[in-house]
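Structure first, commentary second.
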Amino acid sequence: MSRDWELVMKRALINPAKCCNCQPCSIETHCSMEAVLRENKIEKPWIDFYRCSGCLQCKVYCSNKAVEEISHPCDGKQRMGW
């Protein structure tokens with residue numbers, strides 16, 4: 001059976017150059033998957049790809065437009081490799 005489409009996994013990525021390290025970080029407080037993490041208050045937040053569901057709601061919440069969408073093709077047979 002051949003497919004004309006391919007599965008794509010989407011995830012969010014915080015661009016550190018655009019992140020202003022807001023306190024509190026709106027995506028950190030609104031992420032229902034608790035995928036936005038930071039080592040401490042001084043460090044900028046980052047998104048754990050294993051926790052992120054790919055809903056991309058964080059793009060809506062970030063007023064600095066620091067969240068970018070990344071896509072990775074998946075054939076359903078291999079690990080994603082995030």
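In the structure tokens, each chain is lettered A, B, ... as it comes, each chain's residues begin at 1, and ligands are numbered from 1 in order of appearance.
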
### Query
Quick one: residues within 9 Å of A:Ser53, only C-alpha atoms counted, chain neighbours fewer than 3 positions away excluded, as a PyMOL selection string?
chain A and resi 10-12+33+35+49-50+56

#### Entry: All alpha helix (DSSP H) residues (DSSP, backbone) inside chain A, as a PyMOL selection string
chain A and resi 26-30+58-61

Filtering to C-alpha atoms, could you give me those residues as a short mmCIF file (atom, residue, chain, number, x, y, z; two decimals), in the first residue's frame?
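out_17.cif, written as the output of this step:
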data_model
loop_
_atom_site.label_atom_id
_atom_site.label_comp_id
_atom_site.auth_asym_id
_atom_site.auth_seq_id
_atom_site.Cartn_x
_atom_site.Cartn_y
_atom_site.Cartn_z
CA SER A 26 3.58 33.14 30.06
CA ILE A 27 4.27 29.91 28.18
CA GLU A 28 5.83 28.36 31.26
CA THR A 29 2.67 29.09 33.27
CA HIS A 30 0.19 28.09 30.53
CA CYS A 58 2.80 28.47 23.38
CA LYS A 59 3.15 30.44 20.13
CA VAL A 60 -0.05 32.25 21.09
CA TYR A 61 1.03 32.94 24.68
#

### Task
May I ask which of the residues A:Ala66, A:Met9, A:Cys74, A:Cys19 is the closest one to A:Glu43, counting only C-alpha atoms?
A:Cys19

### Query
Any idea what's packed within 9 Å of A:Leu13, counting only C-alpha atoms, ignoring anything in its chain fewer than 5 positions away? Could you give it as number ranges by chain?
A: 46-49, 66-70

Would you put the residues from that selection into a file with C-alpha atoms, as a PDB file, in the first residue's frame?
ATOM      1  CA  TRP A  46      13.479  25.722  27.048  1.00  0.00           C
ATOM      2  CA  ILE A  47      10.975  23.155  25.820  1.00  0.00           C
ATOM      3  CA  ASP A  48      11.357  19.463  26.590  1.00  0.00           C
ATOM      4  CA  PHE A  49      10.547  17.711  23.298  1.00  0.00           C
ATOM      5  CA  ALA A  66      10.148  33.649  20.608  1.00  0.00           C
ATOM      6  CA  VAL A  67       8.435  30.299  19.999  1.00  0.00           C
ATOM      7  CA  GLU A  68       9.051  28.661  16.650  1.00  0.00           C
ATOM      8  CA  GLU A  69       7.469  25.568  15.140  1.00  0.00           C
ATOM      9  CA  ILE A  70       9.677  22.713  14.039  1.00  0.00           C
TER      10      ILE A  70
END

### Task
For atom CA of A:Gln57 and atom CA of A:Cys31, quote the distance in Å rounded to one decimal.
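One can read the atom CA of A:Gln57 to atom CA of A:Cys31 distance as 7.7 Å.
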
### Message
Could you check the closest approach to A:Val36 for each of A:Asn64, A:Cys52, A:Leu7, A:Asn15 and tell me which residue wins, using only C-alpha atoms?
### Response
A:Cys52

### Task
To one decimal in Å, tell me the separation between atom CA of A:Cys20 and atom CA of A:Asn40.
14.7 Å

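Computed from the coordinates, the atom CA of A:Val8 to atom CA of A:Cys62 distance equals 23.5 Å.
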
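Across A:Arg51, A:Arg38, A:Lys65, A:His72, the tightest approach to A:Gln23 is made by A:Arg38 when counting only C-alpha atoms.
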